[in-house]
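A short write-up of the structure that comes next.
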Amino acid sequence: MKFTLAALLPLALALSASASGLSCKKNLKRNFLIGYNPDNKVERYEYGYNENWKFDGFLEIKNSTIHQQFEFYDCEAPSDDFHSSHGNVHYGQVRPTDEKDLCLSSEAVFVYKGKDKKESKIRVEPEGIVNNLLLKPCASEGEDLRHQWFKAREVEDCGVRLSLKGKKGDVEADGLVHNSHWTVSLEPFSSWDWREAFYLSEGQLDPKCALKNLK
């Protein structure tokens, strides 16, 4: 598999505007994006372009030459639709250290269909979307921000555990999934062993990190 790394991000992304309407500050240690599964396998990811599948997205790095680092920005909730940080639980955006106008963004969010909050009732929005984890211009409100609103908490011996929270009524997406076109997406975590816990970390993780959650 061949792909280019972040230096070849599309020009449209490189020229994106900052989310000037959102009050944010850097919080927690900058680090690498890591996926960690119950088999104690650590995966490292960078943003790039898959030449075979013609897709932008976060791709697994097969060697040790990972360069991209990311930082968590603690942001004030712009409205009552979003959770605010409290205690050791933080809400906001995840941004690459070298492209601070870009934010980690999920193509999809997840909601319960009806009042029955069971895993079988979880639905993706918008319907039919090809769900990828991408870098997009940082948003400051509304639906665009919903796809960039992350929850973060420092977990001892693990790093900073990340999950996509979206709006208050959305289902938290904290499991990293490998897609058929070699990119990854975030989905609600389950007992399926091929979903990885998602961290900002150096990669030296305790074996229990894959099973620790943010509840």
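Please note that chains go A, B, ... in the order of the structure tokens, that every chain numbers its residues from 1, and that ligands are numbered from 1 in the order shown.
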
Exercise: A:Arg161 partners within 12 Å, only C-alpha atoms, chain neighbours under 4 positions left out, as a ChimeraX atom specification: /A:28-29,31-36,72,88-91,94,150-157,173-176,196-201,205,209-215

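With atom CA of A:Leu186 on one side and atom CA of A:Gly57 on the other, the separation reads 12.1 Å.
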
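Each of A:His181, A:Lys165, A:Lys118, A:Arg30 was compared to A:Tyr49 using only C-alpha atoms, and A:His181 turns out to be the nearest.
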
For stretch 23-102 of chain A versus stretch 126-133 of chain A, which residues have an atom no more than 12 Å away, and what is each residue's nearest atom pair and distance in Å rounded to one decimal, using only C-alpha atoms, chain-then-number order, as a Markdown table?
```
| residue | atom | partner | partner_atom | distance |
| --- | --- | --- | --- | --- |
| A:Leu33 | CA | A:Leu133 | CA | 11.8 |
| A:Tyr45 | CA | A:Leu133 | CA | 10.9 |
| A:Glu46 | CA | A:Leu133 | CA | 10.9 |
| A:Tyr47 | CA | A:Leu133 | CA | 9.2 |
| A:Gly48 | CA | A:Leu133 | CA | 11.2 |
| A:Phe55 | CA | A:Asn132 | CA | 9.5 |
| A:Asp56 | CA | A:Asn132 | CA | 8.7 |
| A:Gly57 | CA | A:Leu133 | CA | 6.0 |
| A:Phe58 | CA | A:Leu133 | CA | 6.4 |
| A:Leu59 | CA | A:Leu133 | CA | 9.7 |
| A:Val94 | CA | A:Leu133 | CA | 11.8 |
```

Exercise: A:Arg95 partners within 8 Å, only C-alpha atoms, chain neighbours under 3 positions left out, as a PyMOL selection string: chain A and resi 70-73+99-104

DSSP strand (DSSP E) selection over stretch 66-137 of chain A, as an MDAnalysis selection string: chainID A and resid 70:75 90:96 102:106 109:112 122:125 133:137

Of the listed residues A:Val177, A:Leu145, A:Val109, A:Val160, that which approaches A:Arg195 most closely, counting only C-alpha atoms: A:Val177

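Considering only stretch 75-199 of chain A, backbone DSSP assigns helix (DSSP H, G or I) to Glu119, Ser120, Lys121, Gly142, Glu143, Asp144, Leu145 and Arg146 of chain A.
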
What does the file look like for those residues with N, CA and C atoms, as a compact mmCIF listing (two decimals), in the first residue's frame?
```
# COMPACT_ATOMS: atom_id res chain seq x y z
N GLU A 119 -27.70 -0.94 22.08
CA GLU A 119 -26.73 -0.88 20.98
C GLU A 119 -27.39 -1.18 19.64
N SER A 120 -28.39 -2.06 19.64
CA SER A 120 -29.06 -2.42 18.39
C SER A 120 -29.88 -1.26 17.81
N LYS A 121 -30.11 -0.22 18.63
CA LYS A 121 -30.91 0.92 18.19
C LYS A 121 -30.05 2.12 17.76
N GLY A 142 -22.60 24.79 15.49
CA GLY A 142 -23.52 24.03 14.66
C GLY A 142 -23.08 22.62 14.31
N GLU A 143 -23.57 22.14 13.16
CA GLU A 143 -23.35 20.77 12.75
C GLU A 143 -21.88 20.46 12.47
N ASP A 144 -21.15 21.41 11.92
CA ASP A 144 -19.73 21.17 11.66
C ASP A 144 -18.97 20.93 12.96
N LEU A 145 -19.27 21.73 13.99
CA LEU A 145 -18.62 21.54 15.28
C LEU A 145 -19.05 20.23 15.92
N ARG A 146 -20.27 19.83 15.71
CA ARG A 146 -20.77 18.55 16.25
C ARG A 146 -19.86 17.39 15.85
```

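Here atom CA of A:Gln68 and atom CA of A:Pro96 stand 7.0 Å from one another.
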